[in-house]
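This is upload.cif (mmCIF, C-alpha atoms).
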```cif
data_entry
#
loop_
_atom_site.group_PDB
_atom_site.id
_atom_site.type_symbol
_atom_site.label_atom_id
_atom_site.label_comp_id
_atom_site.auth_asym_id
_atom_site.auth_seq_id
_atom_site.Cartn_x
_atom_site.Cartn_y
_atom_site.Cartn_z
ATOM 1 C CA MET A 182 44.008 10.578 5.206
ATOM 2 C CA LYS A 183 46.090 7.426 5.644
ATOM 3 C CA ALA A 184 48.663 6.283 3.102
ATOM 4 C CA VAL A 185 51.341 3.613 2.788
ATOM 5 C CA TYR A 186 54.538 5.639 3.046
ATOM 6 C CA ILE A 187 58.176 4.822 2.251
ATOM 7 C CA THR A 188 60.100 6.421 5.108
ATOM 8 C CA GLU A 189 63.493 5.488 3.647
ATOM 9 C CA PHE A 190 64.355 3.763 0.377
ATOM 10 C CA GLY A 191 66.021 0.372 0.503
ATOM 11 C CA ASP A 192 63.866 -2.140 2.402
ATOM 12 C CA VAL A 193 60.175 -2.982 2.790
ATOM 13 C CA GLU A 194 60.684 -2.729 6.555
ATOM 14 C CA ASN A 195 60.816 1.027 5.961
ATOM 15 C CA LEU A 196 57.131 1.144 5.032
ATOM 16 C CA GLU A 197 54.612 2.603 7.438
ATOM 17 C CA LEU A 198 50.983 3.686 7.488
ATOM 18 C CA ARG A 199 51.153 7.461 7.806
ATOM 19 C CA GLU A 200 48.658 10.307 8.104
ATOM 20 C CA ILE A 201 49.126 12.763 5.220
ATOM 21 C CA PRO A 202 47.115 15.843 4.163
ATOM 22 C CA ASP A 203 43.730 15.237 2.555
ATOM 23 C CA LEU A 204 43.551 15.697 -1.209
ATOM 24 C CA PRO A 205 41.787 18.806 -2.549
ATOM 25 C CA ALA A 206 38.367 18.607 -4.207
ATOM 26 C CA PRO A 207 38.675 17.401 -7.818
ATOM 27 C CA THR A 208 38.405 19.819 -10.740
ATOM 28 C CA GLY A 209 38.071 19.426 -14.508
ATOM 29 C CA ASP A 210 38.238 15.787 -15.621
ATOM 30 C CA GLN A 211 39.569 14.594 -12.277
ATOM 31 C CA VAL A 212 37.779 12.203 -9.920
ATOM 32 C CA LEU A 213 38.409 11.626 -6.220
ATOM 33 C CA VAL A 214 38.264 7.913 -5.386
ATOM 34 C CA ARG A 215 37.895 6.517 -1.895
ATOM 35 C CA VAL A 216 40.195 3.496 -2.192
ATOM 36 C CA LYS A 217 38.867 0.287 -0.654
ATOM 37 C CA ALA A 218 41.605 -2.085 -1.801
ATOM 38 C CA ALA A 219 44.877 -1.843 -3.727
ATOM 39 C CA GLY A 220 47.044 -4.417 -5.472
ATOM 40 C CA LEU A 221 50.737 -4.944 -4.732
ATOM 41 C CA ASN A 222 53.090 -5.283 -7.690
ATOM 42 C CA ARG A 223 56.776 -5.923 -8.351
ATOM 43 C CA ALA A 224 57.087 -2.305 -9.412
ATOM 44 C CA ASP A 225 56.047 -1.271 -5.896
ATOM 45 C CA ILE A 226 58.917 -3.284 -4.430
ATOM 46 C CA LEU A 227 61.335 -1.636 -6.863
ATOM 47 C CA GLN A 228 59.982 1.756 -5.828
ATOM 48 C CA VAL A 229 60.613 0.884 -2.176
ATOM 49 C CA LEU A 230 64.162 -0.120 -3.105
ATOM 50 C CA GLY A 231 64.607 3.285 -4.712
ATOM 51 C CA VAL A 232 65.345 1.998 -8.222
ATOM 52 C CA TYR A 233 61.987 2.612 -9.941
ATOM 53 C CA PRO A 234 60.576 6.035 -9.058
ATOM 54 C CA PRO A 235 57.186 7.126 -10.410
ATOM 55 C CA PRO A 236 56.834 9.678 -13.219
ATOM 56 C CA PRO A 237 56.878 13.398 -12.341
ATOM 57 C CA GLY A 238 53.794 14.550 -10.486
ATOM 58 C CA TYR A 239 53.542 11.501 -8.228
ATOM 59 C CA SER A 240 55.042 11.161 -4.775
ATOM 60 C CA PRO A 241 58.032 8.795 -4.755
ATOM 61 C CA ASN A 242 57.096 7.894 -1.175
ATOM 62 C CA ILE A 243 53.554 6.601 -1.814
ATOM 63 C CA PRO A 244 53.452 3.436 -3.963
ATOM 64 C CA GLY A 245 50.534 1.826 -5.723
ATOM 65 C CA LEU A 246 49.614 1.142 -9.365
ATOM 66 C CA GLU A 247 46.107 -0.350 -9.168
ATOM 67 C CA PHE A 248 43.060 0.070 -6.974
ATOM 68 C CA ALA A 249 39.350 -0.444 -6.503
ATOM 69 C CA GLY A 250 37.054 1.941 -4.676
ATOM 70 C CA GLU A 251 34.116 4.284 -4.675
ATOM 71 C CA ILE A 252 33.881 7.732 -6.209
ATOM 72 C CA ALA A 253 33.769 10.383 -3.487
ATOM 73 C CA ALA A 254 33.603 13.490 -5.703
ATOM 74 C CA THR A 255 33.960 14.538 -9.330
ATOM 75 C CA GLY A 256 35.291 17.548 -11.211
ATOM 76 C CA GLU A 257 32.997 19.803 -13.208
ATOM 77 C CA ASN A 258 33.891 18.235 -16.567
ATOM 78 C CA VAL A 259 33.311 14.606 -15.550
ATOM 79 C CA LYS A 260 30.421 13.234 -17.612
ATOM 80 C CA ASN A 261 30.210 9.467 -17.255
ATOM 81 C CA LEU A 262 30.755 8.853 -13.539
ATOM 82 C CA SER A 263 29.048 10.023 -10.350
ATOM 83 C CA ALA A 264 29.656 9.967 -6.615
ATOM 84 C CA GLY A 265 28.989 6.504 -5.247
ATOM 85 C CA ASP A 266 29.970 4.604 -8.402
ATOM 86 C CA ARG A 267 32.198 1.578 -7.844
ATOM 87 C CA VAL A 268 35.309 1.850 -10.006
ATOM 88 C CA PHE A 269 38.724 0.308 -10.560
ATOM 89 C CA GLY A 270 41.731 1.237 -12.627
ATOM 90 C CA ILE A 271 45.458 1.860 -12.997
ATOM 91 C CA THR A 272 47.612 4.825 -12.039
ATOM 92 C CA ALA A 273 51.312 5.707 -12.105
ATOM 93 C CA GLY A 274 51.490 5.893 -8.296
ATOM 94 C CA GLU A 275 49.835 6.769 -4.973
ATOM 95 C CA ALA A 276 47.127 4.076 -5.161
ATOM 96 C CA GLN A 277 47.996 2.733 -1.696
ATOM 97 C CA ALA A 278 46.212 5.547 0.103
ATOM 98 C CA GLU A 279 42.693 6.161 1.378
ATOM 99 C CA PHE A 280 41.989 8.644 -1.416
ATOM 100 C CA LEU A 281 43.300 8.945 -4.959
ATOM 101 C CA SER A 282 42.906 11.741 -7.503
ATOM 102 C CA ILE A 283 42.741 10.421 -11.062
ATOM 103 C CA ASP A 284 41.534 11.272 -14.554
ATOM 104 C CA GLU A 285 38.067 9.950 -15.405
ATOM 105 C CA SER A 286 39.383 8.247 -18.545
ATOM 106 C CA LEU A 287 41.467 5.824 -16.471
ATOM 107 C CA LEU A 288 38.480 4.429 -14.564
ATOM 108 C CA THR A 289 36.119 1.568 -15.339
ATOM 109 C CA ARG A 290 32.994 0.509 -13.457
ATOM 110 C CA ILE A 291 33.450 -2.636 -11.396
ATOM 111 C CA PRO A 292 31.335 -5.589 -12.591
ATOM 112 C CA GLU A 293 28.480 -6.408 -10.213
ATOM 113 C CA LYS A 294 29.894 -9.879 -9.570
ATOM 114 C CA LEU A 295 33.102 -8.498 -8.059
ATOM 115 C CA GLY A 296 33.670 -6.987 -4.628
ATOM 116 C CA PHE A 297 36.267 -4.278 -4.060
ATOM 117 C CA THR A 298 38.972 -6.735 -2.975
ATOM 118 C CA GLU A 299 38.486 -8.996 -5.992
ATOM 119 C CA ALA A 300 38.351 -5.994 -8.301
ATOM 120 C CA ALA A 301 41.661 -4.647 -6.992
ATOM 121 C CA ALA A 302 43.322 -7.839 -8.268
ATOM 122 C CA VAL A 303 42.281 -7.133 -11.848
ATOM 123 C CA PRO A 304 43.402 -3.841 -13.483
ATOM 124 C CA GLU A 305 47.202 -3.933 -13.667
ATOM 125 C CA ALA A 306 47.430 -7.615 -14.572
ATOM 126 C CA PHE A 307 44.584 -7.779 -17.073
ATOM 127 C CA ILE A 308 45.167 -4.408 -18.769
ATOM 128 C CA THR A 309 48.875 -5.239 -19.143
ATOM 129 C CA ALA A 310 48.157 -8.744 -20.432
ATOM 130 C CA HIS A 311 45.397 -7.677 -22.821
ATOM 131 C CA ASP A 312 47.470 -4.827 -24.229
ATOM 132 C CA ALA A 313 50.496 -7.099 -24.667
ATOM 133 C CA ILE A 314 49.056 -10.237 -26.237
ATOM 134 C CA PHE A 315 46.249 -8.701 -28.304
ATOM 135 C CA THR A 316 47.037 -5.036 -29.051
ATOM 136 C CA LEU A 317 50.766 -5.649 -29.572
ATOM 137 C CA GLY A 318 50.917 -9.411 -30.130
ATOM 138 C CA ASP A 319 47.766 -9.705 -32.269
ATOM 139 C CA LEU A 320 47.088 -13.170 -30.834
ATOM 140 C CA LYS A 321 44.357 -14.933 -32.815
ATOM 141 C CA GLN A 322 42.077 -17.890 -32.224
ATOM 142 C CA GLY A 323 43.903 -21.133 -32.887
ATOM 143 C CA GLU A 324 47.392 -19.671 -32.420
ATOM 144 C CA THR A 325 49.876 -20.710 -29.738
ATOM 145 C CA LEU A 326 51.045 -18.403 -26.948
ATOM 146 C CA LEU A 327 54.116 -19.036 -24.786
ATOM 147 C CA ILE A 328 53.972 -17.303 -21.382
ATOM 148 C CA HIS A 329 57.070 -17.069 -19.215
ATOM 149 C CA ALA A 330 56.333 -16.835 -15.460
ATOM 150 C CA VAL A 331 52.818 -18.047 -16.178
ATOM 151 C CA GLY A 332 52.025 -18.243 -12.444
ATOM 152 C CA SER A 333 52.506 -14.488 -11.944
ATOM 153 C CA GLY A 334 49.667 -11.969 -11.859
ATOM 154 C CA VAL A 335 50.137 -10.880 -15.482
ATOM 155 C CA GLY A 336 50.924 -14.446 -16.550
ATOM 156 C CA LEU A 337 47.683 -15.813 -15.120
ATOM 157 C CA ALA A 338 45.701 -12.969 -16.650
ATOM 158 C CA ALA A 339 47.246 -13.646 -20.062
ATOM 159 C CA LEU A 340 46.507 -17.351 -19.675
ATOM 160 C CA GLN A 341 42.829 -16.724 -18.991
ATOM 161 C CA LEU A 342 42.512 -14.156 -21.786
ATOM 162 C CA ALA A 343 44.228 -16.398 -24.331
ATOM 163 C CA LYS A 344 42.038 -19.400 -23.483
ATOM 164 C CA ALA A 345 38.924 -17.222 -23.733
ATOM 165 C CA LYS A 346 40.125 -16.286 -27.246
ATOM 166 C CA GLY A 347 40.552 -19.923 -28.216
ATOM 167 C CA ALA A 348 44.355 -19.971 -28.282
ATOM 168 C CA ARG A 349 46.654 -22.726 -27.099
ATOM 169 C CA VAL A 350 48.936 -21.806 -24.190
ATOM 170 C CA ILE A 351 52.339 -23.159 -23.151
ATOM 171 C CA GLY A 352 53.615 -21.826 -19.823
ATOM 172 C CA THR A 353 56.959 -21.808 -18.043
ATOM 173 C CA SER A 354 57.699 -21.410 -14.358
ATOM 174 C CA ARG A 355 60.520 -22.248 -11.976
ATOM 175 C CA THR A 356 57.957 -23.797 -9.601
ATOM 176 C CA ALA A 357 56.227 -27.083 -10.394
ATOM 177 C CA ASP A 358 53.393 -26.350 -7.977
ATOM 178 C CA LYS A 359 52.519 -23.138 -9.840
ATOM 179 C CA LEU A 360 52.444 -24.994 -13.135
ATOM 180 C CA ASN A 361 50.060 -27.557 -11.667
ATOM 181 C CA LYS A 362 47.775 -24.805 -10.384
ATOM 182 C CA CYS A 363 47.806 -23.138 -13.791
ATOM 183 C CA ARG A 364 46.206 -26.210 -15.322
ATOM 184 C CA GLU A 365 43.027 -25.254 -13.451
ATOM 185 C CA PHE A 366 43.043 -22.056 -15.554
ATOM 186 C CA GLY A 367 43.347 -23.995 -18.807
ATOM 187 C CA LEU A 368 47.115 -24.246 -19.332
ATOM 188 C CA ASP A 369 47.651 -26.718 -22.171
ATOM 189 C CA SER A 370 51.339 -27.538 -21.698
ATOM 190 C CA SER A 371 53.939 -26.655 -19.090
ATOM 191 C CA ILE A 372 57.721 -26.427 -18.883
ATOM 192 C CA LEU A 373 59.613 -26.366 -15.603
ATOM 193 C CA ALA A 374 62.196 -23.673 -16.329
ATOM 194 C CA ASP A 375 64.512 -24.020 -13.351
ATOM 195 C CA THR A 376 67.224 -23.020 -15.809
ATOM 196 C CA ALA A 377 67.052 -20.845 -18.914
ATOM 197 C CA VAL A 378 66.798 -23.961 -21.125
ATOM 198 C CA PHE A 379 63.338 -24.334 -22.651
ATOM 199 C CA ALA A 380 63.572 -23.923 -26.441
ATOM 200 C CA GLU A 381 63.818 -27.641 -27.231
ATOM 201 C CA ALA A 382 60.819 -28.385 -25.031
ATOM 202 C CA VAL A 383 58.779 -25.700 -26.806
ATOM 203 C CA LYS A 384 59.747 -27.124 -30.208
ATOM 204 C CA THR A 385 58.696 -30.600 -29.076
ATOM 205 C CA LEU A 386 55.370 -29.378 -27.691
ATOM 206 C CA SER A 387 54.669 -27.470 -30.916
ATOM 207 C CA SER A 388 55.701 -30.365 -33.184
ATOM 208 C CA GLY A 389 58.666 -28.339 -34.413
ATOM 209 C CA ARG A 390 56.566 -25.386 -35.588
ATOM 210 C CA GLY A 391 57.274 -22.956 -32.765
ATOM 211 C CA VAL A 392 54.875 -20.472 -31.190
ATOM 212 C CA ASP A 393 53.088 -17.470 -32.649
ATOM 213 C CA VAL A 394 53.370 -15.130 -29.673
ATOM 214 C CA ILE A 395 55.644 -15.026 -26.613
ATOM 215 C CA LEU A 396 54.793 -13.009 -23.512
ATOM 216 C CA ASP A 397 58.122 -12.631 -21.710
ATOM 217 C CA LEU A 398 57.931 -11.512 -18.082
ATOM 218 C CA VAL A 399 61.511 -12.635 -17.351
ATOM 219 C CA GLY A 400 63.896 -10.744 -19.634
ATOM 220 C CA ALA A 401 67.498 -11.087 -20.740
ATOM 221 C CA ALA A 402 68.208 -14.688 -19.728
ATOM 222 C CA TYR A 403 65.370 -15.969 -21.930
ATOM 223 C CA PHE A 404 65.846 -13.708 -24.952
ATOM 224 C CA PRO A 405 68.109 -15.840 -27.224
ATOM 225 C CA GLN A 406 65.944 -18.931 -26.786
ATOM 226 C CA ASN A 407 62.786 -16.917 -27.315
ATOM 227 C CA LEU A 408 63.927 -16.299 -30.893
ATOM 228 C CA GLU A 409 64.462 -20.030 -31.357
ATOM 229 C CA CYS A 410 60.904 -20.670 -30.153
ATOM 230 C CA LEU A 411 59.169 -18.271 -32.546
ATOM 231 C CA THR A 412 57.523 -19.515 -35.705
ATOM 232 C CA LEU A 413 57.701 -17.572 -38.986
ATOM 233 C CA LYS A 414 56.326 -14.039 -38.421
ATOM 234 C CA GLY A 415 56.192 -14.716 -34.679
ATOM 235 C CA ARG A 416 55.777 -11.878 -32.176
ATOM 236 C CA LEU A 417 57.849 -11.474 -29.023
ATOM 237 C CA ILE A 418 56.413 -9.111 -26.395
ATOM 238 C CA LEU A 419 58.810 -7.992 -23.655
ATOM 239 C CA VAL A 420 57.160 -6.972 -20.384
ATOM 240 C CA GLY A 421 59.450 -7.980 -17.489
ATOM 241 C CA LEU A 422 63.190 -7.756 -16.849
ATOM 242 C CA THR A 423 63.651 -9.758 -13.667
ATOM 243 C CA SER A 424 66.587 -11.695 -15.169
ATOM 244 C CA GLY A 425 68.363 -8.642 -16.525
ATOM 245 C CA ARG A 426 68.278 -5.943 -19.201
ATOM 246 C CA THR A 427 71.082 -6.928 -21.593
ATOM 247 C CA ALA A 428 71.110 -9.920 -23.944
ATOM 248 C CA GLU A 429 73.250 -11.111 -26.848
ATOM 249 C CA PHE A 430 71.312 -12.807 -29.645
ATOM 250 C CA ASN A 431 71.460 -13.937 -33.263
ATOM 251 C CA LEU A 432 70.190 -11.096 -35.451
ATOM 252 C CA GLY A 433 70.183 -13.460 -38.414
ATOM 253 C CA LEU A 434 67.608 -15.644 -36.707
ATOM 254 C CA ALA A 435 65.369 -12.624 -36.132
ATOM 255 C CA LEU A 436 65.649 -11.737 -39.836
ATOM 256 C CA GLN A 437 65.119 -15.307 -40.989
ATOM 257 C CA LYS A 438 61.927 -15.628 -38.976
ATOM 258 C CA ARG A 439 60.773 -12.098 -39.854
ATOM 259 C CA ALA A 440 60.154 -11.705 -36.152
ATOM 260 C CA THR A 441 58.475 -8.746 -34.488
ATOM 261 C CA ILE A 442 59.973 -7.728 -31.140
ATOM 262 C CA SER A 443 57.988 -5.263 -29.034
ATOM 263 C CA GLY A 444 58.657 -3.803 -25.619
ATOM 264 C CA THR A 445 55.885 -2.409 -23.475
ATOM 265 C CA VAL A 446 55.336 -0.616 -20.193
ATOM 266 C CA LEU A 447 52.135 0.953 -18.862
ATOM 267 C CA ARG A 448 53.342 3.142 -16.030
ATOM 268 C CA ALA A 449 55.256 5.718 -18.048
ATOM 269 C CA ARG A 450 52.685 6.125 -20.825
ATOM 270 C CA PRO A 451 50.869 9.452 -21.167
ATOM 271 C CA THR A 452 47.275 9.613 -19.958
ATOM 272 C CA ASP A 453 45.729 9.394 -23.432
ATOM 273 C CA GLU A 454 47.563 6.145 -24.217
ATOM 274 C CA LYS A 455 46.598 4.651 -20.858
ATOM 275 C CA ALA A 456 43.027 5.748 -21.528
ATOM 276 C CA GLU A 457 43.053 3.830 -24.840
ATOM 277 C CA ALA A 458 44.264 0.670 -23.091
ATOM 278 C CA THR A 459 41.643 1.162 -20.362
ATOM 279 C CA LEU A 460 38.886 1.601 -22.953
ATOM 280 C CA ARG A 461 39.856 -1.632 -24.720
ATOM 281 C CA PHE A 462 39.926 -3.363 -21.319
ATOM 282 C CA ALA A 463 36.433 -2.052 -20.507
ATOM 283 C CA HIS A 464 35.100 -3.181 -23.877
ATOM 284 C CA ASP A 465 36.820 -6.546 -24.322
ATOM 285 C CA VAL A 466 37.676 -7.812 -20.846
ATOM 286 C CA VAL A 467 35.221 -6.502 -18.234
ATOM 287 C CA PRO A 468 32.187 -8.232 -19.846
ATOM 288 C CA LEU A 469 33.991 -11.564 -19.446
ATOM 289 C CA PHE A 470 34.071 -10.999 -15.681
ATOM 290 C CA GLU A 471 30.331 -10.358 -15.797
ATOM 291 C CA THR A 472 29.733 -13.741 -17.448
ATOM 292 C CA GLY A 473 32.206 -15.580 -15.229
ATOM 293 C CA THR A 474 34.479 -16.482 -18.154
ATOM 294 C CA LEU A 475 37.317 -14.666 -16.384
ATOM 295 C CA LYS A 476 38.040 -14.664 -12.660
ATOM 296 C CA PRO A 477 40.303 -12.463 -10.521
ATOM 297 C CA ASN A 478 43.605 -14.138 -9.698
ATOM 298 C CA LEU A 479 43.432 -13.392 -5.978
ATOM 299 C CA ASP A 480 46.042 -14.996 -3.728
ATOM 300 C CA GLN A 481 46.267 -13.312 -0.310
ATOM 301 C CA VAL A 482 44.694 -10.264 1.304
ATOM 302 C CA PHE A 483 46.298 -8.165 4.043
ATOM 303 C CA PRO A 484 44.812 -5.309 6.056
ATOM 304 C CA VAL A 485 46.691 -2.133 5.222
ATOM 305 C CA GLU A 486 48.001 -2.075 8.794
ATOM 306 C CA ASP A 487 49.958 -5.239 7.853
ATOM 307 C CA VAL A 488 51.279 -3.845 4.586
ATOM 308 C CA ILE A 489 54.870 -4.855 5.390
ATOM 309 C CA ALA A 490 53.764 -8.484 5.674
ATOM 310 C CA GLY A 491 52.059 -8.179 2.297
ATOM 311 C CA TYR A 492 55.204 -6.813 0.663
ATOM 312 C CA LYS A 493 57.322 -9.531 2.233
ATOM 313 C CA TYR A 494 54.968 -12.194 0.944
ATOM 314 C CA LEU A 495 55.207 -10.765 -2.565
ATOM 315 C CA GLU A 496 59.008 -10.603 -2.242
ATOM 316 C CA SER A 497 59.122 -14.293 -1.296
ATOM 317 C CA ASN A 498 57.931 -15.387 -4.780
ATOM 318 C CA GLU A 499 55.498 -17.759 -3.092
ATOM 319 C CA SER A 500 52.418 -15.897 -4.309
ATOM 320 C CA PHE A 501 50.199 -17.393 -7.001
ATOM 321 C CA GLY A 502 48.308 -14.465 -8.456
ATOM 322 C CA LYS A 503 47.683 -11.118 -6.793
ATOM 323 C CA VAL A 504 48.437 -9.824 -3.295
ATOM 324 C CA ILE A 505 45.988 -7.164 -2.047
ATOM 325 C CA VAL A 506 45.872 -4.675 0.834
ATOM 326 C CA GLU A 507 42.495 -3.510 2.150
ATOM 327 C CA PHE A 508 41.743 -0.053 3.583
#
```
How does this structure look as structure tokens?
Amino acid sequence: MKAVYITEFGDVENLELREIPDLPAPTGDQVLVRVKAAGLNRADILQVLGVYPPPPGYSPNIPGLEFAGEIAATGENVKNLSAGDRVFGITAGEAQAEFLSIDESLLTRIPEKLGFTEAAAVPEAFITAHDAIFTLGDLKQGETLLIHAVGSGVGLAALQLAKAKGARVIGTSRTADKLNKCREFGLDSSILADTAVFAEAVKTLSSGRGVDVILDLVGAAYFPQNLECLTLKGRLILVGLTSGRTAEFNLGLALQKRATISGTVLRARPTDEKAEATLRFAHDVVPLFETGTLKPNLDQVFPVEDVIAGYKYLESNESFGKVIVEF
């Protein structure tokens, strides 16, 4: 079978489409998926660079965290899925290959309205966003959510989910064009964050109250001001670290506001925890794609033969939403 393969760590130019041995027939709770399309993520770029390897049991040379495809075969203990079913989901690696072996509990049926390419733009962004702002952040109707990097895949997913819940959303981005595009998804207020200065703008937009939940996809540079932005009993959810891992902040402010600070990552979680997040996604999110309330945030699609071009486009930070490769 064909797979996207990292021949040498350090540069996306070192990617190639390589023939590797076929996967064995699935057993137990495992399912063999014929991948039709796979999403590209920042974590994939970090894996190519050699700084973010997958958990044990996954090849460090084959990237890929999300996919959409068709079930080719099932293990003897699989009860809810059959060969030919259209499915999508998340995995800790190896999704950018023609076939993927995965536990049944990590799969969800694709809504009829979505094709494989559209579906591949959904799992990582929407499961991450839903888990962060609702499971961890407990965002409620009528509350205010601040999303940093709102024009990213997870940011756009969180924006759509929050608006569907009836929340108000303030978004930041370093690109004015992305902020303008986000208004089409319901963004209430925007802040051009070409520097790390945004707290005063958030206070003004919230009439001095602050925000209930912050989804931070940026990291260290924004952390001190995030605390300033939170209202009493506010919740800060840390997802991304693109601006760094270490921050100095006022512990007194965190105590004064009785703030909750949570960090989250999907990739390294054990299967049962990922299965719980997938189940909540299937129950709460997938039906909203059926009704058209939510839409995939699809930017550009590349044939897998042009996977290097897809990675370079994602690296450029020009993408608005998800970048997909098709098999």
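The environment of A:Phe470 within 12 Å, counting all atoms listed in the file and disregarding residues fewer than 4 places along the same chain, consists of Arg290, Ile291, Pro292, Glu293, Lys294, Leu295, Gly296, Glu299, Ala300, Val303, Pro304, Phe307, Ala338, Gln341, Leu342, Ala345, Phe462, Ala463, His464, Asp465, Val466, Thr474, Leu475, Lys476, Pro477 and Asn478 of chain A.
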(request) Identify which of the residues A:Thr188, A:Gln322, A:Ser333, A:Asn407 lies closest to A:Leu479, counting all atoms listed in the file when measuring atom-to-atom distances. (result) A:Ser333
(message) Please enumerate the residues selected by the PyMOL selection byres ((chain A and resi 232-242) around 12) when evaluated against the supplied file, formatted as a ChimeraX atom specification.
(response) /A:184-193,195-199,201,223-231,243-246,272-278,281-283,447-452
Resolved residues for the PyMOL selection byres ((chain A and resi 396-404) around 8) as a compact mmCIF listing (two decimals) with C-alpha atoms, in the frame of the given file:
```
# COMPACT_ATOMS: atom_id res chain seq x y z
CA ALA A 313 50.50 -7.10 -24.67
CA ILE A 314 49.06 -10.24 -26.24
CA LEU A 326 51.04 -18.40 -26.95
CA LEU A 327 54.12 -19.04 -24.79
CA ILE A 328 53.97 -17.30 -21.38
CA HIS A 329 57.07 -17.07 -19.22
CA ALA A 330 56.33 -16.84 -15.46
CA GLY A 336 50.92 -14.45 -16.55
CA ALA A 377 67.05 -20.84 -18.91
CA VAL A 394 53.37 -15.13 -29.67
CA ILE A 395 55.64 -15.03 -26.61
CA PRO A 405 68.11 -15.84 -27.22
CA GLN A 406 65.94 -18.93 -26.79
CA ASN A 407 62.79 -16.92 -27.32
CA LEU A 408 63.93 -16.30 -30.89
CA LEU A 417 57.85 -11.47 -29.02
CA ILE A 418 56.41 -9.11 -26.40
CA LEU A 419 58.81 -7.99 -23.66
CA VAL A 420 57.16 -6.97 -20.38
CA GLY A 421 59.45 -7.98 -17.49
CA LEU A 422 63.19 -7.76 -16.85
CA THR A 423 63.65 -9.76 -13.67
CA SER A 424 66.59 -11.70 -15.17
CA GLY A 425 68.36 -8.64 -16.52
CA ARG A 426 68.28 -5.94 -19.20
CA THR A 427 71.08 -6.93 -21.59
CA ALA A 428 71.11 -9.92 -23.94
CA PHE A 430 71.31 -12.81 -29.64
```
(message) Report as a ChimeraX atom specification all protein, DNA and RNA residues lying within 8 Å of A:Arg349, evaluated on only C-alpha atoms, omitting residues in the same chain fewer than 3 positions from it.
(response) /A:323-326,343-344,368-369
(request) Grab the atom CA of A:Ala348 to atom CA of A:Ala440 distance for me, in Å with one decimal place. (result)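 Going from atom CA of A:Ala348 over to atom CA of A:Ala440, I get 19.5 Å.
Atom pair atom CA of A:Cys363 / atom CA of A:Ser497 has a distance of 19.0 Å (rounded to one decimal).
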(request) Identify which of the residues A:Lys503, A:His311, A:Arg439, A:Lys217 lies closest to A:Phe269, counting only C-alpha atoms when measuring atom-to-atom distances. (result) A:Lys217
(request) Give as a PyMOL selection string each residue that has an atom at most 12 Å from (56.5, -24.5, -39.1) in the file, counting all atoms listed in the file. (result) chain A and resi 384-385+387-393+409-415+438
